[in-house]
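Here the structure is laid out as structure tokens; the discussion comes afterwards.
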Number of protein chains: 2
Amino acid sequence: MVSGLMDHATAYAPGSTSNVGPGFDCLGIAITGLGDRVTARRAEAPGVRVRSVSDTRIPSQVDRNTAALAAGGVLRRASSEMGIELEIEKGLPLSGGLGGSAASAVAGAVAANALLADPLDKEVLLECALEAESKVAGRHGDNVAPSLLGGAVLVQSLEPFRHTHLVVHPAVRLVFVMPGYEVATSRARALLPVAVARPEAVAQAAGLAGLVLGLERGDGDLIASSMIDRIAEPGRVPLYPGYAEAREAALAAGAWGVAVSGAGPTLVALVPEDRTAAVAEAAAAAYDGLSGGPARTHVAGVDDEGARIL
Amino acid sequence: MVSGLMDHATAYAPGSTSNVGPGFDCLGIAITGLGDRVTARRAEAPGVRVRSVSDTRIPSQVDRNTAALAAGGVLRRASSEMGIELEIEKGLPLSGGLGGSAASAVAGAVAANALLADPLDKEVLLECALEAESKVAGRHGDNVAPSLLGGAVLVQSLEPFRHTHLVVHPAVRLVFVMPGYEVATSRARALLPVAVARPEAVAQAAGLAGLVLGLERGDGDLIASSMIDRIAEPGRVPLYPGYAEAREAALAAGAWGVAVSGAGPTLVALVPEDRTAAVAEAAAAAYDGLSGGPARTHVAGVDDEGARIL
């Protein structure tokens, strides 16, 4: 059916916020309005090449680019000899804590699969994107899975990859505040504790259980009482100038809960619809003079669809 | 309105299983078919006395008996000078891990409140029962709350007491297997780790979040992948001869998940309806020769009603 094949396909994959307070290292939510696009084009020579990346700080070498790595994984699993060239349009910031490398990996996998006329199912595409992300940013899955599948995803195990999908209640909105500095994920991970005191581990578990119930129910009180990360955030706060102040300001302006998005420095607030503007404004103002530049804001809903061909 | 007051009231409070694998120290489920009854009678002399306890190993001194302590808390909070005598009928085993001291406390509080014509609401009764249980068995709440409120209860915080109620899907049945020995809660708590390695703490949180979703959805696969306690159970297994064997047998017979109920030694299995008999039989047989006497079994559903006046 060579005649039925497209000569190019463009995939969009949404950004995502991972960790989400007590969901450290296991919960991610796909978001509306920010994401990466990857166009895959058929080429003569077999294998994957990166033709262009909109952000020049992202490496275009195939073995360091998550979109190319994921597209390569698709070719390999589909046993295809096709040649693919990629154009990568980054809508997500580098080192922002919005799942940019994961979204590029997902979009690369989905675009390559479409070019091959969809030989692989979503679970295999997930594996391709996970593998790609793990070569560049470590194996997590809490960004890759929501970016591909949409909604919120609880990752229960990496080997084997086990996850469950949550439908977030439409009353829940997300406000992102991006301060004017960057933090490398490796720096943030270096500050993680080796062990957690037993009462804190119990409270983290109860918090995450309350959070997933609160997200599904749209229960703001439950989200508010659940949204505390006792594992990663306490040690990391010094990495994020202005975060503590912005967190307080967001809560005072009506946010249910606030956390560092992924490895930061972006702040994410879970917010009722009628408080999104107030929370964004208050948190951004709190970073003034503390964040090395003006803070940007983004108000989002949950992207229930996940990655798709445009 | 003295003429309208009853001269006695009998309350029933269901037993409960706490911990439930990854819900260690924060999740409890009220169960059908086993519980305690407390009858409160008006007496001449003010204060609370215990007239009888069906299990003579339970202390009848007012300051060591959870039903009497809870009834006393009700009198105090209601500012009542009434005298109350209690008759306590234990349906729950001592040191069994089925929330016996909590059920007696709840039934004592509910019976005393009924005798006073219900001056206190459920949140205050919860506080009375918690206070009573904490004087005898330590402050937990993961048995008291489900016994009073019914269903499953996630305890998020003890001070202040914050909890959320779950409706367990009717597809979920519970099989209890009680070996022929007892284990003191204090011995089981002495074996708890001071700290938990970070990956285990993350996995515990993801497990509990998966479990509460699985319980609400009636999703056996999700319950199965979630039902691992990484905090308490690993160090405690040596306390429970035969448990490891019975757990394997229950899983092989079709249980979704198995844990130690409370501080044990009772085993609890979450089981689909059509496998309850097979799981009960297989797990009980696995204790043969290992449990110091024949193991008893109890097949239960979730008691959605909680404590009530009979």
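Chain labels run A, B, ... following the order of the structure tokens; each chain numbers its residues from 1, and ligands are numbered from 1 in the order shown.
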Just need the residues of chain B within 8 Å of chain A, counting only C-alpha atoms, so spit them out as a PyMOL selection string. chain B and resi 22-26+154-157+164+193-198+201-210+212-213+222+225-226+231
Please provide the set of residues having any atom within 12 Å of Glu131 (chain A), restricted to only C-alpha atoms, with same-chain residues fewer than 2 positions apart removed, written as number ranges by chain. A: 63, 65-74, 101-102, 105-106, 109, 124-129, 133-141, 144, 158-159, 161
What parts of region 52-296 of chain A does DSSP call alpha helix (DSSP H)? I'd like the answer as a ChimeraX atom specification. /A:66-77,100-115,122-137,144-149,185-190,198-217,220-226,233-236,243-252,276-286
Take CA of Glu89 (chain B) and CA of Met6 (chain B) and report the distance between them in Å, one decimal.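 Computing it gives 20.1 Å between the two atoms.
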Set the distance at 10 Å and use only C-alpha atoms: which residues neighbour Gly100 (chain B) once local chain neighbours fewer than 3 positions away are removed? I'd like the list as a list in words. Ala13, Pro14, Gly15, Ser16, Thr17, Leu34, Gly35, Asp36, Thr66, Lys90, Gly91, Leu92, Pro93, Leu94, Ser95, Gly96, Gly97, Ala103, Ser104, Ala105, Val106, Asn143, Val144 and Ser147 of chain B
Give me a file of those residues, with N, CA and C atoms, as a PDB file, in the first residue's frame.
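Generated file (out.pdb):
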ATOM      1  N   ALA B  13     -21.661  -1.146  66.316  1.00  0.00           N
ATOM      2  CA  ALA B  13     -20.619  -0.533  65.491  1.00  0.00           C
ATOM      3  C   ALA B  13     -19.858  -1.644  64.773  1.00  0.00           C
ATOM      4  N   PRO B  14     -19.725  -1.521  63.449  1.00  0.00           N
ATOM      5  CA  PRO B  14     -19.067  -2.598  62.706  1.00  0.00           C
ATOM      6  C   PRO B  14     -17.568  -2.644  62.959  1.00  0.00           C
ATOM      7  N   GLY B  15     -17.017  -3.835  62.810  1.00  0.00           N
ATOM      8  CA  GLY B  15     -15.571  -3.959  62.772  1.00  0.00           C
ATOM      9  C   GLY B  15     -15.024  -3.304  61.517  1.00  0.00           C
ATOM     10  N   SER B  16     -13.719  -3.196  61.443  1.00  0.00           N
ATOM     11  CA  SER B  16     -13.107  -2.547  60.288  1.00  0.00           C
ATOM     12  C   SER B  16     -11.718  -3.116  60.076  1.00  0.00           C
ATOM     13  N   THR B  17     -11.301  -3.028  58.853  1.00  0.00           N
ATOM     14  CA  THR B  17      -9.927  -3.426  58.537  1.00  0.00           C
ATOM     15  C   THR B  17      -9.144  -2.169  58.200  1.00  0.00           C
ATOM     16  N   LEU B  34     -19.469  -8.549  61.409  1.00  0.00           N
ATOM     17  CA  LEU B  34     -18.743  -8.617  62.683  1.00  0.00           C
ATOM     18  C   LEU B  34     -18.711  -7.211  63.276  1.00  0.00           C
ATOM     19  N   GLY B  35     -19.117  -7.112  64.534  1.00  0.00           N
ATOM     20  CA  GLY B  35     -19.094  -5.804  65.180  1.00  0.00           C
ATOM     21  C   GLY B  35     -19.378  -5.943  66.668  1.00  0.00           C
ATOM     22  N   ASP B  36     -19.323  -4.821  67.356  1.00  0.00           N
ATOM     23  CA  ASP B  36     -19.584  -4.809  68.802  1.00  0.00           C
ATOM     24  C   ASP B  36     -20.918  -4.112  69.072  1.00  0.00           C
ATOM     25  N   THR B  66     -12.590   1.297  76.257  1.00  0.00           N
ATOM     26  CA  THR B  66     -12.837   2.346  75.248  1.00  0.00           C
ATOM     27  C   THR B  66     -14.303   2.749  75.173  1.00  0.00           C
ATOM     28  N   LYS B  90     -18.988  -8.086  72.869  1.00  0.00           N
ATOM     29  CA  LYS B  90     -17.938  -8.090  71.855  1.00  0.00           C
ATOM     30  C   LYS B  90     -18.257  -9.108  70.768  1.00  0.00           C
ATOM     31  N   GLY B  91     -18.406  -8.613  69.542  1.00  0.00           N
ATOM     32  CA  GLY B  91     -18.482  -9.529  68.409  1.00  0.00           C
ATOM     33  C   GLY B  91     -17.125  -9.649  67.736  1.00  0.00           C
ATOM     34  N   LEU B  92     -16.234  -8.730  68.086  1.00  0.00           N
ATOM     35  CA  LEU B  92     -14.916  -8.670  67.443  1.00  0.00           C
ATOM     36  C   LEU B  92     -13.855  -9.261  68.361  1.00  0.00           C
ATOM     37  N   PRO B  93     -12.888  -9.942  67.769  1.00  0.00           N
ATOM     38  CA  PRO B  93     -11.836 -10.558  68.585  1.00  0.00           C
ATOM     39  C   PRO B  93     -10.888  -9.524  69.190  1.00  0.00           C
ATOM     40  N   LEU B  94     -10.320  -9.867  70.320  1.00  0.00           N
ATOM     41  CA  LEU B  94      -9.240  -9.082  70.923  1.00  0.00           C
ATOM     42  C   LEU B  94      -7.978  -9.248  70.093  1.00  0.00           C
ATOM     43  N   SER B  95      -7.222  -8.190  69.936  1.00  0.00           N
ATOM     44  CA  SER B  95      -5.929  -8.278  69.241  1.00  0.00           C
ATOM     45  C   SER B  95      -6.057  -8.995  67.912  1.00  0.00           C
ATOM     46  N   GLY B  96      -7.139  -8.781  67.210  1.00  0.00           N
ATOM     47  CA  GLY B  96      -7.338  -9.496  65.961  1.00  0.00           C
ATOM     48  C   GLY B  96      -7.011  -8.661  64.737  1.00  0.00           C
ATOM     49  N   GLY B  97      -6.875  -7.366  64.909  1.00  0.00           N
ATOM     50  CA  GLY B  97      -6.665  -6.520  63.734  1.00  0.00           C
ATOM     51  C   GLY B  97      -7.957  -6.209  63.017  1.00  0.00           C
ATOM     52  N   ALA B 103     -14.380  -0.161  67.577  1.00  0.00           N
ATOM     53  CA  ALA B 103     -15.821  -0.407  67.452  1.00  0.00           C
ATOM     54  C   ALA B 103     -16.503  -0.239  68.804  1.00  0.00           C
ATOM     55  N   SER B 104     -15.863  -0.717  69.878  1.00  0.00           N
ATOM     56  CA  SER B 104     -16.458  -0.540  71.208  1.00  0.00           C
ATOM     57  C   SER B 104     -16.542   0.943  71.562  1.00  0.00           C
ATOM     58  N   ALA B 105     -15.494   1.683  71.236  1.00  0.00           N
ATOM     59  CA  ALA B 105     -15.510   3.119  71.511  1.00  0.00           C
ATOM     60  C   ALA B 105     -16.648   3.794  70.746  1.00  0.00           C
ATOM     61  N   VAL B 106     -16.787   3.466  69.475  1.00  0.00           N
ATOM     62  CA  VAL B 106     -17.831   4.072  68.648  1.00  0.00           C
ATOM     63  C   VAL B 106     -19.204   3.699  69.180  1.00  0.00           C
ATOM     64  N   ASN B 143      -9.483   3.049  62.177  1.00  0.00           N
ATOM     65  CA  ASN B 143     -10.580   2.131  62.524  1.00  0.00           C
ATOM     66  C   ASN B 143     -11.812   2.892  63.024  1.00  0.00           C
ATOM     67  N   VAL B 144     -11.603   3.891  63.859  1.00  0.00           N
ATOM     68  CA  VAL B 144     -12.726   4.623  64.453  1.00  0.00           C
ATOM     69  C   VAL B 144     -13.595   5.271  63.367  1.00  0.00           C
ATOM     70  N   SER B 147     -15.717   2.780  61.292  1.00  0.00           N
ATOM     71  CA  SER B 147     -16.709   2.121  62.143  1.00  0.00           C
ATOM     72  C   SER B 147     -17.879   3.060  62.415  1.00  0.00           C
TER      73      SER B 147
END
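The set of residues in region 155-191 of chain B assigned to strand (DSSP E) by DSSP, using only backbone atoms of this structure, is Val155, Gln156, Ser157, Arg162, His163, Thr164, His165, Leu166, Val172, Arg173, Leu174, Val175, Phe176, Val177 and Met178 of chain B.
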For the residues in that selection, give me N, CA and C atoms as a compact mmCIF listing (two decimals), in the first residue's frame.
# COMPACT_ATOMS: atom_id res chain seq x y z
N VAL B 155 -7.80 8.73 56.15
CA VAL B 155 -7.45 9.69 57.19
C VAL B 155 -6.22 10.47 56.72
N GLN B 156 -6.40 11.77 56.54
CA GLN B 156 -5.29 12.57 56.01
C GLN B 156 -4.48 13.23 57.10
N SER B 157 -5.08 13.44 58.25
CA SER B 157 -4.36 14.13 59.31
C SER B 157 -5.06 13.82 60.63
N ARG B 162 -8.57 15.12 59.89
CA ARG B 162 -9.12 15.38 58.55
C ARG B 162 -9.25 14.06 57.81
N HIS B 163 -10.40 13.84 57.25
CA HIS B 163 -10.64 12.56 56.60
C HIS B 163 -11.55 12.76 55.40
N THR B 164 -11.52 11.80 54.48
CA THR B 164 -12.48 11.82 53.38
C THR B 164 -13.07 10.44 53.21
N HIS B 165 -14.32 10.42 52.83
CA HIS B 165 -15.09 9.19 52.75
C HIS B 165 -15.05 8.64 51.34
N LEU B 166 -14.92 7.32 51.22
CA LEU B 166 -14.95 6.67 49.90
C LEU B 166 -16.13 5.71 49.86
N VAL B 172 -16.45 -5.35 45.25
CA VAL B 172 -15.31 -5.67 46.13
C VAL B 172 -15.80 -6.39 47.38
N ARG B 173 -15.35 -7.61 47.59
CA ARG B 173 -15.63 -8.35 48.82
C ARG B 173 -14.34 -8.53 49.61
N LEU B 174 -14.54 -8.77 50.89
CA LEU B 174 -13.38 -8.95 51.77
C LEU B 174 -13.43 -10.33 52.41
N VAL B 175 -12.34 -11.02 52.34
CA VAL B 175 -12.21 -12.32 53.02
C VAL B 175 -11.19 -12.16 54.14
N PHE B 176 -11.62 -12.52 55.35
CA PHE B 176 -10.73 -12.46 56.51
C PHE B 176 -10.37 -13.88 56.94
N VAL B 177 -9.12 -14.07 57.25
CA VAL B 177 -8.67 -15.36 57.75
C VAL B 177 -7.91 -15.10 59.05
N MET B 178 -8.44 -15.67 60.15
CA MET B 178 -7.89 -15.40 61.48
C MET B 178 -7.15 -16.62 61.98
Need the shell around His8 (chain B): protein/DNA/RNA residues with any atom at most 7 Å away, counting only C-alpha atoms. Skip same-chain ones fewer than 5 positions apart. Format as an mmCIF file with N, CA and C atoms, in the first residue's frame?
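Output file part.cif is given in full below:
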data_model
loop_
_atom_site.group_PDB
_atom_site.id
_atom_site.type_symbol
_atom_site.label_atom_id
_atom_site.label_comp_id
_atom_site.auth_asym_id
_atom_site.auth_seq_id
_atom_site.Cartn_x
_atom_site.Cartn_y
_atom_site.Cartn_z
ATOM 1 N N THR B 39 -24.897 -1.485 75.084
ATOM 2 C CA THR B 39 -26.159 -0.966 75.606
ATOM 3 C C THR B 39 -25.850 0.013 76.738
ATOM 4 N N ALA B 40 -26.405 1.188 76.641
ATOM 5 C CA ALA B 40 -26.247 2.205 77.687
ATOM 6 C C ALA B 40 -27.575 2.327 78.426
ATOM 7 N N ARG B 41 -27.527 2.245 79.772
ATOM 8 C CA ARG B 41 -28.744 2.369 80.593
ATOM 9 C C ARG B 41 -28.580 3.527 81.547
ATOM 10 N N ARG B 42 -29.698 4.243 81.764
ATOM 11 C CA ARG B 42 -29.673 5.330 82.746
ATOM 12 C C ARG B 42 -29.498 4.747 84.138
ATOM 13 N N LEU B 115 -28.939 7.933 74.379
ATOM 14 C CA LEU B 115 -29.584 8.014 75.692
ATOM 15 C C LEU B 115 -29.844 9.470 76.090
#
Could you work out how far CA of Leu270 (chain A) lies from CA of His298 (chain A), giving the answer in Å with one decimal?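 Taking CA of His298 (chain A) and CA of Leu270 (chain A), their separation equals 12.3 Å.
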Which is closest to Arg275 (chain B) among B:Ala171, B:Leu310, B:Ala263, B:Leu75, if we use only C-alpha atoms? B:Ala171
Spatial neighbours of Ala11 (chain A), max dist 7 Å, only C-alpha atoms, sep filter under 3 positions, as a ChimeraX atom specification: /A:37-39,107,110-111,307-310
Using only C-alpha atoms, which residues sit within 8 Å of Glu245 (chain B) once same-chain residues fewer than 4 positions away are excluded, as a list in words? Ala249, Ala283, Ala286 and Tyr287 of chain B
How about saving the chosen residues, N, CA, C and O atoms kept, as a short mmCIF file (atom, residue, chain, number, x, y, z; two decimals), in the first residue's frame?
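Resulting contents of selection-v5.cif:
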data_model
loop_
_atom_site.label_atom_id
_atom_site.label_comp_id
_atom_site.auth_asym_id
_atom_site.auth_seq_id
_atom_site.Cartn_x
_atom_site.Cartn_y
_atom_site.Cartn_z
N ALA B 249 -1.44 -18.40 48.73
CA ALA B 249 -2.57 -19.28 48.43
C ALA B 249 -3.81 -18.46 48.05
O ALA B 249 -4.56 -18.83 47.13
N ALA B 283 -6.70 -19.98 51.77
CA ALA B 283 -5.85 -19.28 52.74
C ALA B 283 -5.91 -19.97 54.10
O ALA B 283 -4.88 -20.11 54.77
N ALA B 286 -3.75 -22.96 54.11
CA ALA B 286 -2.31 -22.66 54.11
C ALA B 286 -1.79 -22.42 55.52
O ALA B 286 -0.58 -22.55 55.77
N TYR B 287 -2.66 -22.04 56.45
CA TYR B 287 -2.22 -21.83 57.83
C TYR B 287 -2.09 -23.15 58.59
O TYR B 287 -1.57 -23.15 59.71
#
What is the CA of Ala224 (chain A) to CA of Gly151 (chain B) distance in Å?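 That distance, rounded to one decimal, is 22.8 Å.
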